[in-house]
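Chemist: There's a structure below that I have some questions on.
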Amino acid sequence: MEMIEFEHPVARDFVTRLRRKDASPARFRAYANRLSYLLAVEATRDLCTVPAEVQTPLESTLGEVLVDPPIIVPVLRAGLGMLEAFQDLLPDSQVAFIGMSRNETTAEPVFHYSSIPNVAGKKVIVLDPMLATGGTAAAVLEYLFDGKASEVILVSVVAAPEGIARLGVFDNLTVITVCVDRELDSNWYIRPGLGDFGDRLYSDGI
Ligand code: URA
């Protein structure tokens with residue numbers, strides 16, 4: 001596993017705005033969306049292009065086009081807050097869904113739904129903004145690597161050291177995050193964190 005702590009002053013500013021407890025769901029969605037554009041630039045840095053002839057208004061020249069764009073997998077529900085930005089930058093990518101929730105007693109992932117296509121030999125970008133215990137992320141990664149995905153980039157906004165450690169067992173995995181926070185609390189919330197990302201996107205929870 002390779003870990004990238006995304007170093008960018010604008011990204012740090014957006015995470016601080018996301019942390020503010022008085023950010024309304026509308027503001028939270030807007031900041032999450034803008035931050036996701038920055039993260040999408042980082043996550044797509046190593047994509048392959050092929051040369052392509054292009055006709056400008058003045059002459060013909062050689063450009064580049066992306067080939068084999070990655071499959072985007074937002075982990076429901078919080079990952080939906082990052083999807084629009086990734087789709088904007090990768091308009092030809094397939095989007096597949098995987099629904100997991102956390103058993104609030106054991107913190108273990110509970111599988112609900114998947115629409116993942118054949119990922120064999122494919123690069124996959126997983127959107128999972130809060131990497132807490134890493135239980136959900138690990139279950140998603142096992143699913144993708146069992147399906148023979150060639151490489152996975154997991155994009156998060158805030159990560160806990162515990163979650164990062166749990167994903168250390170995976171090869172062909174890059175984890176991108178903006179902030180590595182201090183710890184998980186006894187309810188498996190990331191501290192200082194920003195509360196429940198899904199609730200803050202959609203229902204104004206902590
Ligand atoms: N998921 C969240 O949305 N927030 C946390 O702090 C931990 C998991």
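Letters A, B, ... mark the chains of the structure tokens in the order given; residue numbers begin at 1 per chain; ligand numbers begin at 1, in order shown.
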Throw together the list of residues within 8 Å of ligand 1, counting only C-alpha atoms and all ligand atoms, and drop it here as a PyMOL selection string.

Modeler: chain A and resi 78+129-133+184+188-191+193-199

Chemist: Put those residues in a file: all heavy atoms, as a compact mmCIF listing (two decimals), in the first residue's frame.

Modeler:
```
# COMPACT_ATOMS: atom_id res chain seq x y z
N ALA A 78 -21.65 8.19 1.95
CA ALA A 78 -20.78 9.38 2.00
C ALA A 78 -20.02 9.62 0.70
O ALA A 78 -19.80 10.76 0.30
CB ALA A 78 -19.81 9.25 3.18
N PRO A 129 -14.85 9.00 1.88
CA PRO A 129 -14.23 10.20 2.47
C PRO A 129 -13.70 10.05 3.89
O PRO A 129 -12.76 10.74 4.25
CB PRO A 129 -15.35 11.25 2.41
CG PRO A 129 -16.60 10.51 2.11
CD PRO A 129 -16.22 9.24 1.42
N MET A 130 -14.29 9.16 4.70
CA MET A 130 -13.82 9.02 6.08
C MET A 130 -13.24 7.62 6.28
O MET A 130 -13.98 6.64 6.42
CB MET A 130 -14.97 9.26 7.07
CG MET A 130 -15.63 10.62 6.93
SD MET A 130 -14.52 12.02 7.22
CE MET A 130 -14.49 12.08 9.00
N LEU A 131 -11.92 7.52 6.30
CA LEU A 131 -11.28 6.23 6.52
C LEU A 131 -11.08 6.08 8.03
O LEU A 131 -10.14 6.62 8.59
CB LEU A 131 -9.95 6.18 5.77
CG LEU A 131 -9.12 4.91 5.92
CD1 LEU A 131 -9.89 3.68 5.48
CD2 LEU A 131 -7.82 5.04 5.12
N ALA A 132 -12.03 5.39 8.67
CA ALA A 132 -12.03 5.31 10.15
C ALA A 132 -11.36 4.01 10.60
O ALA A 132 -10.14 3.92 10.66
CB ALA A 132 -13.45 5.47 10.65
N THR A 133 -12.16 2.96 10.88
CA THR A 133 -11.54 1.68 11.26
C THR A 133 -10.89 1.01 10.05
O THR A 133 -10.04 0.14 10.21
CB THR A 133 -12.59 0.69 11.81
OG1 THR A 133 -13.52 0.39 10.75
CG2 THR A 133 -13.34 1.27 13.00
N LEU A 184 -9.30 7.33 16.65
CA LEU A 184 -10.73 6.99 16.69
C LEU A 184 -11.18 7.07 18.14
O LEU A 184 -10.43 6.70 19.04
CB LEU A 184 -10.95 5.57 16.20
CG LEU A 184 -10.72 5.27 14.73
CD1 LEU A 184 -11.00 3.80 14.46
CD2 LEU A 184 -11.61 6.14 13.86
N TRP A 188 -16.01 4.95 17.40
CA TRP A 188 -15.36 4.82 16.09
C TRP A 188 -15.53 6.06 15.22
O TRP A 188 -15.52 5.98 13.99
CB TRP A 188 -15.84 3.57 15.34
CG TRP A 188 -15.50 2.33 16.10
CD1 TRP A 188 -14.25 1.82 16.32
CD2 TRP A 188 -16.41 1.46 16.76
NE1 TRP A 188 -14.34 0.68 17.07
CE2 TRP A 188 -15.65 0.43 17.35
CE3 TRP A 188 -17.79 1.43 16.91
CZ2 TRP A 188 -16.22 -0.59 18.09
CZ3 TRP A 188 -18.37 0.41 17.62
CH2 TRP A 188 -17.60 -0.59 18.21
N TYR A 189 -15.70 7.21 15.85
CA TYR A 189 -15.63 8.46 15.11
C TYR A 189 -14.17 8.92 15.06
O TYR A 189 -13.42 8.73 16.03
CB TYR A 189 -16.48 9.56 15.76
CG TYR A 189 -17.92 9.49 15.34
CD1 TYR A 189 -18.86 8.82 16.12
CD2 TYR A 189 -18.34 10.05 14.13
CE1 TYR A 189 -20.18 8.72 15.71
CE2 TYR A 189 -19.66 9.95 13.72
CZ TYR A 189 -20.57 9.29 14.52
OH TYR A 189 -21.87 9.19 14.09
N ILE A 190 -13.81 9.54 13.94
CA ILE A 190 -12.46 10.09 13.82
C ILE A 190 -12.40 11.38 14.62
O ILE A 190 -13.29 12.23 14.52
CB ILE A 190 -12.10 10.35 12.34
CG1 ILE A 190 -12.17 9.05 11.53
CG2 ILE A 190 -10.72 10.99 12.24
CD1 ILE A 190 -11.95 9.23 10.02
N ARG A 191 -11.35 11.54 15.46
CA ARG A 191 -11.13 12.77 16.23
C ARG A 191 -9.86 13.45 15.76
O ARG A 191 -8.86 12.76 15.59
CB ARG A 191 -11.00 12.45 17.73
CG ARG A 191 -12.25 11.88 18.36
CD ARG A 191 -13.37 12.91 18.35
NE ARG A 191 -14.55 12.37 19.03
CZ ARG A 191 -15.00 12.83 20.20
NH1 ARG A 191 -14.42 13.85 20.79
NH2 ARG A 191 -16.07 12.31 20.74
N GLY A 193 -11.74 15.04 13.49
CA GLY A 193 -12.73 14.66 12.50
C GLY A 193 -13.65 15.78 12.07
O GLY A 193 -13.35 16.98 12.21
N LEU A 194 -14.79 15.37 11.54
CA LEU A 194 -15.79 16.36 11.11
C LEU A 194 -17.20 15.83 11.32
O LEU A 194 -18.16 16.35 10.78
CB LEU A 194 -15.55 16.78 9.65
CG LEU A 194 -15.35 15.68 8.59
CD1 LEU A 194 -16.64 15.02 8.22
CD2 LEU A 194 -14.67 16.28 7.37
N GLY A 195 -17.32 14.76 12.10
CA GLY A 195 -18.63 14.15 12.34
C GLY A 195 -18.92 13.09 11.29
O GLY A 195 -18.00 12.55 10.67
N ASP A 196 -20.20 12.81 11.11
CA ASP A 196 -20.61 11.78 10.15
C ASP A 196 -20.77 12.43 8.78
O ASP A 196 -21.67 13.26 8.57
CB ASP A 196 -21.93 11.15 10.61
CG ASP A 196 -22.35 10.00 9.71
OD1 ASP A 196 -22.47 10.21 8.48
OD2 ASP A 196 -22.54 8.89 10.22
N PHE A 197 -19.89 12.08 7.86
CA PHE A 197 -19.84 12.75 6.56
C PHE A 197 -21.18 12.63 5.83
O PHE A 197 -21.68 13.60 5.24
CB PHE A 197 -18.73 12.12 5.72
CG PHE A 197 -18.21 12.97 4.61
CD1 PHE A 197 -17.08 13.76 4.77
CD2 PHE A 197 -18.82 12.97 3.36
CE1 PHE A 197 -16.58 14.54 3.73
CE2 PHE A 197 -18.33 13.74 2.31
CZ PHE A 197 -17.21 14.52 2.50
N GLY A 198 -21.78 11.44 5.87
CA GLY A 198 -23.07 11.22 5.18
C GLY A 198 -24.17 12.06 5.80
O GLY A 198 -24.95 12.71 5.08
N ASP A 199 -24.23 12.09 7.13
CA ASP A 199 -25.25 12.91 7.79
C ASP A 199 -25.03 14.38 7.47
O ASP A 199 -25.99 15.14 7.28
CB ASP A 199 -25.19 12.72 9.31
CG ASP A 199 -25.85 11.43 9.75
OD1 ASP A 199 -26.42 10.72 8.89
OD2 ASP A 199 -25.79 11.13 10.95
```

Chemist: At a cut-off of 9 Å, can you tabulate as JSON lines every residue of range 125-171 of chain A near range 81-104 of chain A together with its closest atom pair and the distance in Å to one decimal, using only C-alpha atoms and ordering rows by chain then number?

Modeler:
```
{"residue": "A:Leu127", "atom": "CA", "partner": "A:Met82", "partner_atom": "CA", "distance": 6.7}
{"residue": "A:Asp128", "atom": "CA", "partner": "A:Met82", "partner_atom": "CA", "distance": 8.4}
{"residue": "A:Pro129", "atom": "CA", "partner": "A:Met82", "partner_atom": "CA", "distance": 7.8}
{"residue": "A:Gly135", "atom": "CA", "partner": "A:Arg102", "partner_atom": "CA", "distance": 8.3}
{"residue": "A:Thr136", "atom": "CA", "partner": "A:Met100", "partner_atom": "CA", "distance": 6.7}
{"residue": "A:Ala139", "atom": "CA", "partner": "A:Met100", "partner_atom": "CA", "distance": 8.9}
{"residue": "A:Val140", "atom": "CA", "partner": "A:Ile98", "partner_atom": "CA", "distance": 7.7}
```

Chemist: With all heavy atoms kept, could you save the residues just selected as a PDB file, in the first residue's frame?

Modeler:
```pdb
ATOM      1  N   LEU A 127     -14.205   5.958  -3.719  1.00  0.00           N
ATOM      2  CA  LEU A 127     -14.436   7.220  -2.995  1.00  0.00           C
ATOM      3  C   LEU A 127     -15.007   6.895  -1.622  1.00  0.00           C
ATOM      4  O   LEU A 127     -16.130   6.404  -1.512  1.00  0.00           O
ATOM      5  CB  LEU A 127     -15.399   8.114  -3.782  1.00  0.00           C
ATOM      6  CG  LEU A 127     -15.032   8.355  -5.252  1.00  0.00           C
ATOM      7  CD1 LEU A 127     -16.092   9.225  -5.922  1.00  0.00           C
ATOM      8  CD2 LEU A 127     -13.644   8.979  -5.365  1.00  0.00           C
ATOM      9  N   ASP A 128     -14.245   7.136  -0.580  1.00  0.00           N
ATOM     10  CA  ASP A 128     -14.656   6.796   0.785  1.00  0.00           C
ATOM     11  C   ASP A 128     -14.083   7.890   1.697  1.00  0.00           C
ATOM     12  O   ASP A 128     -12.963   7.761   2.184  1.00  0.00           O
ATOM     13  CB  ASP A 128     -14.093   5.418   1.159  1.00  0.00           C
ATOM     14  CG  ASP A 128     -14.672   4.897   2.457  1.00  0.00           C
ATOM     15  OD1 ASP A 128     -15.650   5.467   2.962  1.00  0.00           O
ATOM     16  OD2 ASP A 128     -14.133   3.894   2.981  1.00  0.00           O
ATOM     17  N   PRO A 129     -14.848   8.996   1.883  1.00  0.00           N
ATOM     18  CA  PRO A 129     -14.235  10.197   2.469  1.00  0.00           C
ATOM     19  C   PRO A 129     -13.699  10.047   3.891  1.00  0.00           C
ATOM     20  O   PRO A 129     -12.763  10.740   4.246  1.00  0.00           O
ATOM     21  CB  PRO A 129     -15.355  11.246   2.411  1.00  0.00           C
ATOM     22  CG  PRO A 129     -16.605  10.512   2.113  1.00  0.00           C
ATOM     23  CD  PRO A 129     -16.215   9.241   1.423  1.00  0.00           C
ATOM     24  N   GLY A 135     -12.635  -0.892   8.191  1.00  0.00           N
ATOM     25  CA  GLY A 135     -13.389  -2.134   7.998  1.00  0.00           C
ATOM     26  C   GLY A 135     -14.170  -2.124   6.687  1.00  0.00           C
ATOM     27  O   GLY A 135     -14.102  -3.081   5.910  1.00  0.00           O
ATOM     28  N   THR A 136     -14.900  -1.051   6.439  1.00  0.00           N
ATOM     29  CA  THR A 136     -15.670  -0.961   5.192  1.00  0.00           C
ATOM     30  C   THR A 136     -14.733  -0.927   3.997  1.00  0.00           C
ATOM     31  O   THR A 136     -14.933  -1.642   3.012  1.00  0.00           O
ATOM     32  CB  THR A 136     -16.550   0.308   5.200  1.00  0.00           C
ATOM     33  OG1 THR A 136     -17.402   0.256   6.327  1.00  0.00           O
ATOM     34  CG2 THR A 136     -17.373   0.423   3.932  1.00  0.00           C
ATOM     35  N   ALA A 139     -13.339  -4.292   3.229  1.00  0.00           N
ATOM     36  CA  ALA A 139     -14.326  -5.185   2.599  1.00  0.00           C
ATOM     37  C   ALA A 139     -14.496  -4.829   1.121  1.00  0.00           C
ATOM     38  O   ALA A 139     -14.579  -5.718   0.261  1.00  0.00           O
ATOM     39  CB  ALA A 139     -15.660  -5.082   3.335  1.00  0.00           C
ATOM     40  N   VAL A 140     -14.525  -3.548   0.802  1.00  0.00           N
ATOM     41  CA  VAL A 140     -14.654  -3.118  -0.601  1.00  0.00           C
ATOM     42  C   VAL A 140     -13.417  -3.543  -1.393  1.00  0.00           C
ATOM     43  O   VAL A 140     -13.513  -4.058  -2.515  1.00  0.00           O
ATOM     44  CB  VAL A 140     -14.850  -1.582  -0.678  1.00  0.00           C
ATOM     45  CG1 VAL A 140     -14.784  -1.087  -2.110  1.00  0.00           C
ATOM     46  CG2 VAL A 140     -16.175  -1.181  -0.037  1.00  0.00           C
TER      47      VAL A 140
END
```

Chemist: Could you tell me how far CA of Lys122 in chain A sits from CA of Glu64 in chain A, in Å to one decimal place?

Modeler: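 According to the coordinates, CA of Glu64 in chain A and CA of Lys122 in chain A are separated by 20.4 Å.
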
Chemist: Out of A:Val54, A:Leu66, A:Thr174, A:His8, which residue has the shortest atom-to-atom distance to Ile125 in chain A when counting only C-alpha atoms?

Modeler: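 Closest residue, counting only C-alpha atoms: A:Thr174.
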
Chemist: Which of range 20-185 of chain A counts as helix (DSSP H, G or I) under DSSP, as an MDAnalysis selection string please?

Modeler: chainID A and resid 25:43 80:89 135:146 161:169

Chemist: Rank A:Val41, A:Ala165, A:Leu80, A:Val158 by their smallest atom-to-atom distance to Thr16 in chain A, using only C-alpha atoms, and report the top residue only.

Modeler: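 Checking each candidate against Thr16 in chain A, we get A:Val158 as the closest.
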
Chemist: Can you pull out every residue within 12 Å of Met3 in chain A, counting only C-alpha atoms, but drop anything in the same chain fewer than 6 positions away, and send it as number ranges by chain?

Modeler: A: 43, 153-156, 159, 161, 163-165, 167-168, 170-180

Chemist: Find the residues around Arg20 in chain A up to 12 Å (only C-alpha atoms counted), leave out those fewer than 6 positions away in its own chain, and share them as a ChimeraX atom specification.

Modeler: /A:13-14,27-28,31,192-195,200,204,206

Chemist: Limited to C-alpha atoms, could you put the picked residues into a file as a PDB file, in the first residue's frame?

Modeler:
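As a result, part10.pdb now contains:
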```pdb
ATOM      1  CA  ASP A  13      -8.633  25.230   3.774  1.00  0.00           C
ATOM      2  CA  PHE A  14     -11.576  23.180   2.478  1.00  0.00           C
ATOM      3  CA  ARG A  27     -22.232  24.512   2.393  1.00  0.00           C
ATOM      4  CA  PHE A  28     -20.859  21.105   3.361  1.00  0.00           C
ATOM      5  CA  TYR A  31     -16.976  22.309   0.034  1.00  0.00           C
ATOM      6  CA  PRO A 192     -10.980  15.674  15.735  1.00  0.00           C
ATOM      7  CA  GLY A 193     -12.731  14.661  12.503  1.00  0.00           C
ATOM      8  CA  LEU A 194     -15.787  16.357  11.110  1.00  0.00           C
ATOM      9  CA  GLY A 195     -18.629  14.152  12.336  1.00  0.00           C
ATOM     10  CA  ARG A 200     -23.529  16.221   7.193  1.00  0.00           C
ATOM     11  CA  ASP A 204     -27.177  17.967   9.266  1.00  0.00           C
ATOM     12  CA  ILE A 206     -22.681  15.616  13.748  1.00  0.00           C
TER      13      ILE A 206
END
```

Chemist: Which is closer to Leu144 in chain A than all the others in A:Leu38, A:Ile71, A:Val157, A:Leu201, using only C-alpha atoms?

Modeler: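 Under the stated criterion, the closest residue is A:Ile71.
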
Chemist: Using DSSP secondary structure from the backbone, list all strand (DSSP E or B) positions within range 16-149 of chain A, as a PyMOL selection string.

Modeler: chain A and resi 49-55+60-66+71-76+95+98-102+109-114+123-127+130-131

Chemist: Pick the closest to Glu108 in chain A from A:Val124, A:Ile72, A:Leu35, A:Ala137: which is it, counting only C-alpha atoms?

Modeler: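 Distance minimum relative to Glu108 in chain A lands on A:Ala137.
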
Chemist: Would you mind telling me which residue in A:Gly79, A:Pro70, A:Gly147, A:Pro25 lies nearest to Val119 in chain A when using only C-alpha atoms?

Modeler: A:Gly147

Chemist: Could you check which of A:Glu162, A:Arg45, A:Phe111, A:Lys123 is closest to Asp68 in chain A, using only C-alpha atoms?

Modeler: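 Closest residue, counting only C-alpha atoms: A:Lys123.
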